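**Q** What follows is a single structure, and I will ask about it in a moment.
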Amino acid sequence: MVPVRLQSEPPALISSPDCPLLELRGIRVPGRTAARLDDVSLQLRPGERVALVGPSGAGKSTLLAVANGLLNPEAGQVFWNGVAPARSRSRRRRQQALIGTLWQDLRLIEELTVQQNLNAARLARWGWPRALLNLVLPLETAANTAALARVDLSAGLLEQPVTALSGGQRQRLALARLLRQEPLLLLADEPLAHLDPRLARELLALLLEQASGRRALLLSLHRPDLLDGFDRVVALRQGRVVLDAAPSALAGPQLASLYRSEP
Amino acid sequence: MTASAAWSWRALRLAPPLLPLLPALAWLPVLWVLPGLSHGGGWGLIGQFAAAAFSPSLDPLVLGSAFSGLGVTVGIALLGWAFSLVLGLLGGVLSSRTVWRTACGSALPAELIRRLLAVPRALHELLWGLLLLQWLGLQPAVAVLAITIPYAALVARVVSDLLDALPTSGLEALRLAGAPAGPALLTALGPALQPGVISYGGYRLECALRSATLLGVFGLGGLGTDLRLTLQSLQFRELWSGLWMLLLVMLALEALLRVLRQRWAMPARFGLSSRSVGRGGREVLLGALLLLPLLLLVAVALGVNPLQLGTFQSLPPWTADWPAVAALPWPSLIGTTLGLTLLAAALAVGTAPLLLLLMAPWPWGRLLLQAVWALGRLWPPPLTALLLLFVLQPGVLTAALALAFHNLGVLGRLLLEAEESAPLQAEEALTAAGAGPRLALFYGRFSALARSYLAYGAYRADVILRETVVVGLVGAAGLGSLLLEALSSFAIDQLIALVAVYVVLTLMGEDLSDRLRRRLLAA
């Protein structure tokens with residue numbers, strides 16, 4: 001295990017250690033027929049690992065998109081580290097840099113090498129000169145090697161194009177890129193979908209391991225059998241939070257009613 | 001470099017997002033040389049020209065003249081385009097390897113016809129126009145023919161390329177089942193060919209409108225003539241009356257074609273964006289039928305008379321002086337022409353992505369770019385060159401800047417289209433991780449479109465080589481300048497030699513850009 005050093009964070013974004021890393025208050029996102037999210041409130045404290053469950057179309061991806069700032073809610077408030085999304089572009093970018101997302105479709109840059117993809121996670125902290133240099137020369141090889149080692153990938157892959165990787169390797173690379181970003185808040189949108197059971201458990205273990213100390217993890221998933229390592233589970237149904245409790249609370253009748261088909 | 005092993009020259013490589021920006025480095029020497037070329041006398045005139053854009057003349061006389069000139073230009077474009085489509089389709093089928101292989105077992109005739117069609121394609125429509133003008137005298141049919149000839153050869157090439165790229169398994173199945181060659185080809189390949197041909201055909205109409213304007217600048221009728229006269233007599237407000245009208249027509253045409261392309265689910269040009277291929281067969285046919293009476297009407301209104309094409313004008317007597325022709329400074333002429341081509345191409349290809357990146361954070365910046373690029377597409381390069389002469393000395397650089405501005409308009413629009421249809425996910429992910437809008441666009445989307453954009457740039461360089469003749473009028477611009485001189489002084493021997501050199505050069509350029517394009521797309 002190679003520790004990745006957290007680089008200096010902008011002081012304005014650091015608040016008291018108890019302050020929630022993510023707080024959603026009364027979030028509403030309209031949809032075509034019914035609301036995609038309706039009066040959703042949620043808190044995520046440092047070190048917490050929270051699973052987001054619910055049937056397809058319940059609003060899990062929408063909630064994550066609101067949480068990472070991609071989607072502006074119609075009503076309600078978002079706080080990152082106790083601070084609302086900044087108006088100023090540069091402050092907003094510094095806020096975004098502390099939120100890392102593991103996308104279901106991974107969103108690697110197919111035309112670049114593994115190393116360049118890992119370094120792309122640093123773009124928020126880099127200026128143009130380094131961003132340009134990254135496309136010409138291998139940069140920050142040591143840190144990238146360390147990030148790859150944490151997800152059990154060999155440093156020999158650094159100069160490989162992303163297209164040369166297998167499905168499992170790509171998944172791990174996406175996670176390594178997330179680590180290179182050094183976020184405080186980790187969001188993951190169905191990262192275990194399309195993975196075979198062994199790979200799914202391995203990736204989940206890696207993700208859970210990251211959420212320690214000041215970091216927190218919010219992960220959406222379909223499979224109630226994988227809730228073991230989580231501190232809390234939040235269940236969504238038709239855009240509303242129907243349960244926010246310890247994983248053990250989601251058993252038997254609750255589980256059945258959460259996934260029952262609509263009348 | 002440093003002692004670190006990773007930082008060696010061998011590790012140096014260029015990742016895709018950088019590639020479209022590299023040609024913009026051509027600006028460095030240009031900006032270095034530019035102050036020396038500037039004579040600074042005409043900044044006032046340039047200012048007047050720009051100011052006149054906001055106060056075009058609204059005199060009914062001026063507007064009426066511009067309107068009728070615009071009518072002629074649009075008419076010429078429509079007729080030239082329609083003829084070239086019909087002839088091009090025919091030529092395309094005749095030069096398709098698949099067709100000949102199916103019909104008589106050998107692709108040899110296709111190769112032969114391909115080579116033949118390369119010659120009309122190698123000459124720019126302006127050159128055709130001026131040559132035909134000398135042979136046939138000034139008549140409306142000359143401009144129509146000048147567009148028809150090279151366009152038909154271009155359409156033929158594209159159609160045959162499209163045909164030969166279609167999968168032939170359906171065709172083989174039909175042939176094995178005993179279908180005759182003609183019906184089998186039509187059934188198996190016709191429907192698959194249609195979307196590509198119609199999409200390309202629409203694009204040719206836009207080109208035809210620009211070509212018709214350009215031909216006008218050289219006196220072949222229409223609005224182009226008005227534009228040049230008003231520019232040379234410094235009547236900028238009158239100039240802008242015509243220019244705004246032309247701009248409106250062109251933007252309306254582009255919008256119409258975009259709507260049709262979407263409605264009929266046609267592929268975008270050069271596969272830069274991939275949409276599903278659908279069919280609007282009945283509507284397409286109806287559109288074509290509606291066009292027929294319109295074309296007839298236009299032909300009558302313009303006084304295009306095919307019978308007049310049979311009467312040649314007698315040329316002044318000339319004697320060939322080949323030693324004098326051979327004594328022309330060929331290496332420097334060819335070198336200048338190639339240098340002009342490469343410089344204009346590099347400036348055009350590199351500037352479009354650079355500007356797009358600069359404007360990325362602002363939505364209004366994008367609109368501004370669209371407006372400037374529309375003007376660049378439409379405003380004929382020789383007029384840009386004349387305008388530049390107000391502040392710059394004549395020469396290669398002035399000609400290159402004029403050509404670059406025009407092609408920037410073409411490439412810029414294509415880049416925007418490609419950028420808008422490129423997948424957004426990678427860019428979104430970078431934005432969500434805190435990257436700024438420019439870096440997110442640069443890493444996220446330029447990566448995906450770099451190669452196909454550069455491949456189109458290679459094709460554009462080939463077009464620019466042909467276009468060097470249109471900026472010949474600013475002087476000292478290689479073969480083009482001498483060609484225009486030879487034309488106006490009836491130096492037929494020089495003309496023959498220059499046209500021959502042009503043809504050879506453009507054919508070689510075409511071959512080179514083809515190879516480059518294939519390599520870029522294969523990587």
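By order of appearance in the structure tokens: chains A, B, ..., then residues from 1 within every chain, and ligands from 1 in the order shown.
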Only residues of chain B matter here; which ones have an atom within 10 Å of chain A, counting only C-alpha atoms? Give them as a ChimeraX atom specification.

**A** /B:6-18,424-440,442-451

**Q** Give the alpha helix (DSSP H) residues of region 59-105 of chain A, as DSSP finds them on the backbone, and put them as a PyMOL selection string.

**A** chain A and resi 60-67+89-97

**Q** With C-alpha atoms retained, write the just-selected residues as an mmCIF file, in the first residue's frame.

**A**
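And here's result_3.cif as it stands now:
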data_model
loop_
_atom_site.group_PDB
_atom_site.id
_atom_site.type_symbol
_atom_site.label_atom_id
_atom_site.label_comp_id
_atom_site.auth_asym_id
_atom_site.auth_seq_id
_atom_site.Cartn_x
_atom_site.Cartn_y
_atom_site.Cartn_z
ATOM 1 C CA LYS A 60 -29.892 7.645 -7.823
ATOM 2 C CA SER A 61 -27.900 9.006 -10.786
ATOM 3 C CA THR A 62 -29.737 12.340 -10.589
ATOM 4 C CA LEU A 63 -28.862 12.642 -6.914
ATOM 5 C CA LEU A 64 -25.191 11.956 -7.661
ATOM 6 C CA ALA A 65 -25.259 14.519 -10.492
ATOM 7 C CA VAL A 66 -26.607 17.117 -8.048
ATOM 8 C CA ALA A 67 -24.010 16.070 -5.485
ATOM 9 C CA ARG A 89 -15.312 30.462 -11.382
ATOM 10 C CA SER A 90 -11.957 29.860 -9.747
ATOM 11 C CA ARG A 91 -13.447 29.188 -6.296
ATOM 12 C CA ARG A 92 -16.004 26.848 -7.815
ATOM 13 C CA ARG A 93 -13.216 24.954 -9.559
ATOM 14 C CA ARG A 94 -11.374 24.534 -6.258
ATOM 15 C CA GLN A 95 -14.576 23.179 -4.716
ATOM 16 C CA GLN A 96 -15.091 20.780 -7.620
ATOM 17 C CA ALA A 97 -11.521 19.547 -7.316
#

**Q** At a cut-off of 8 Å, using only C-alpha atoms, what residues contact region 208-221 of chain B? Leave out same-chain residues fewer than 6 positions from it and give the result as a PDB file with N, CA and C atoms, in the first residue's frame.

**A**
ATOM      1  N   GLY B  69     -28.412  41.476 -58.682  1.00  0.00           N
ATOM      2  CA  GLY B  69     -27.122  40.792 -58.768  1.00  0.00           C
ATOM      3  C   GLY B  69     -27.150  39.476 -57.980  1.00  0.00           C
ATOM      4  N   VAL B  72     -28.920  36.794 -59.883  1.00  0.00           N
ATOM      5  CA  VAL B  72     -28.072  36.166 -60.914  1.00  0.00           C
ATOM      6  C   VAL B  72     -27.113  35.171 -60.266  1.00  0.00           C
ATOM      7  N   THR B  73     -26.486  35.593 -59.159  1.00  0.00           N
ATOM      8  CA  THR B  73     -25.526  34.711 -58.475  1.00  0.00           C
ATOM      9  C   THR B  73     -26.200  33.415 -58.021  1.00  0.00           C
ATOM     10  N   VAL B  74     -27.359  33.569 -57.375  1.00  0.00           N
ATOM     11  CA  VAL B  74     -28.060  32.373 -56.889  1.00  0.00           C
ATOM     12  C   VAL B  74     -28.477  31.489 -58.064  1.00  0.00           C
ATOM     13  N   ILE B  76     -27.039  31.245 -61.058  1.00  0.00           N
ATOM     14  CA  ILE B  76     -25.851  30.554 -61.598  1.00  0.00           C
ATOM     15  C   ILE B  76     -25.483  29.372 -60.708  1.00  0.00           C
ATOM     16  N   ALA B  77     -25.508  29.630 -59.392  1.00  0.00           N
ATOM     17  CA  ALA B  77     -25.148  28.571 -58.445  1.00  0.00           C
ATOM     18  C   ALA B  77     -26.094  27.382 -58.578  1.00  0.00           C
ATOM     19  N   LEU B  78     -27.399  27.676 -58.639  1.00  0.00           N
ATOM     20  CA  LEU B  78     -28.394  26.596 -58.718  1.00  0.00           C
ATOM     21  C   LEU B  78     -28.205  25.758 -59.978  1.00  0.00           C
ATOM     22  N   GLY B  80     -25.537  25.552 -62.046  1.00  0.00           N
ATOM     23  CA  GLY B  80     -24.260  24.846 -62.071  1.00  0.00           C
ATOM     24  C   GLY B  80     -24.294  23.637 -61.146  1.00  0.00           C
ATOM     25  N   TRP B  81     -24.905  23.821 -59.989  1.00  0.00           N
ATOM     26  CA  TRP B  81     -24.996  22.739 -59.003  1.00  0.00           C
ATOM     27  C   TRP B  81     -25.828  21.581 -59.546  1.00  0.00           C
ATOM     28  N   GLU B 125     -12.650  26.326 -60.411  1.00  0.00           N
ATOM     29  CA  GLU B 125     -13.756  26.809 -61.246  1.00  0.00           C
ATOM     30  C   GLU B 125     -13.480  28.187 -61.835  1.00  0.00           C
ATOM     31  N   LEU B 126     -12.687  28.998 -61.120  1.00  0.00           N
ATOM     32  CA  LEU B 126     -12.360  30.315 -61.654  1.00  0.00           C
ATOM     33  C   LEU B 126     -11.540  30.184 -62.933  1.00  0.00           C
ATOM     34  N   GLY B 129     -13.705  29.213 -65.640  1.00  0.00           N
ATOM     35  CA  GLY B 129     -14.514  30.371 -66.025  1.00  0.00           C
ATOM     36  C   GLY B 129     -13.735  31.288 -66.959  1.00  0.00           C
ATOM     37  N   LEU B 138     -18.491  36.536 -73.309  1.00  0.00           N
ATOM     38  CA  LEU B 138     -19.267  36.720 -72.082  1.00  0.00           C
ATOM     39  C   LEU B 138     -20.719  36.353 -72.319  1.00  0.00           C
ATOM     40  N   PRO B 140     -24.135  34.156 -70.018  1.00  0.00           N
ATOM     41  CA  PRO B 140     -24.459  33.570 -68.702  1.00  0.00           C
ATOM     42  C   PRO B 140     -24.047  32.108 -68.590  1.00  0.00           C
ATOM     43  N   VAL B 142     -21.451  30.679 -69.427  1.00  0.00           N
ATOM     44  CA  VAL B 142     -20.039  30.457 -69.097  1.00  0.00           C
ATOM     45  C   VAL B 142     -19.874  30.196 -67.598  1.00  0.00           C
ATOM     46  N   ALA B 143     -20.503  31.048 -66.788  1.00  0.00           N
ATOM     47  CA  ALA B 143     -20.368  30.873 -65.343  1.00  0.00           C
ATOM     48  C   ALA B 143     -20.975  29.543 -64.899  1.00  0.00           C
ATOM     49  N   ILE B 147     -18.847  26.272 -63.235  1.00  0.00           N
ATOM     50  CA  ILE B 147     -19.125  25.548 -61.981  1.00  0.00           C
ATOM     51  C   ILE B 147     -19.382  24.080 -62.277  1.00  0.00           C
ATOM     52  N   LEU B 227     -19.749  43.623 -55.777  1.00  0.00           N
ATOM     53  CA  LEU B 227     -18.904  43.669 -54.575  1.00  0.00           C
ATOM     54  C   LEU B 227     -17.525  44.218 -54.918  1.00  0.00           C
ATOM     55  N   ARG B 228     -16.949  43.732 -56.017  1.00  0.00           N
ATOM     56  CA  ARG B 228     -15.603  44.172 -56.355  1.00  0.00           C
ATOM     57  C   ARG B 228     -15.597  45.649 -56.751  1.00  0.00           C
ATOM     58  N   MET B 250     -26.976  32.969 -47.614  1.00  0.00           N
ATOM     59  CA  MET B 250     -26.122  31.815 -47.329  1.00  0.00           C
ATOM     60  C   MET B 250     -26.484  31.167 -45.996  1.00  0.00           C
ATOM     61  N   ARG B 377     -16.393  32.427 -44.914  1.00  0.00           N
ATOM     62  CA  ARG B 377     -16.799  31.466 -45.948  1.00  0.00           C
ATOM     63  C   ARG B 377     -17.313  32.172 -47.179  1.00  0.00           C
ATOM     64  N   LEU B 378     -18.045  33.251 -46.930  1.00  0.00           N
ATOM     65  CA  LEU B 378     -18.811  33.855 -47.996  1.00  0.00           C
ATOM     66  C   LEU B 378     -18.038  34.930 -48.746  1.00  0.00           C
ATOM     67  N   PRO B 380     -15.398  36.469 -50.778  1.00  0.00           N
ATOM     68  CA  PRO B 380     -14.427  35.828 -51.670  1.00  0.00           C
ATOM     69  C   PRO B 380     -12.985  36.236 -51.339  1.00  0.00           C
ATOM     70  N   PRO B 382     -10.295  36.858 -53.073  1.00  0.00           N
ATOM     71  CA  PRO B 382      -9.639  37.976 -53.763  1.00  0.00           C
ATOM     72  C   PRO B 382     -10.050  39.332 -53.177  1.00  0.00           C
ATOM     73  N   LEU B 383     -11.291  39.418 -52.671  1.00  0.00           N
ATOM     74  CA  LEU B 383     -11.715  40.682 -52.072  1.00  0.00           C
ATOM     75  C   LEU B 383     -11.033  40.897 -50.726  1.00  0.00           C
TER      76      LEU B 383
END

**Q** Tell me which protein, DNA and RNA residues are within 10 Å of Pro316 (chain B), counting only C-alpha atoms, leaving out same-chain ones fewer than 4 positions away, and put them as an NGL selection string.

**A** :B and (490-492)

**Q** What is the distance between CA of Ala184 (chain B) and CA of Gly196 (chain B), in Å to one decimal?

**A**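 Value for the CA of Ala184 (chain B)-CA of Gly196 (chain B) distance: 19.6 Å.
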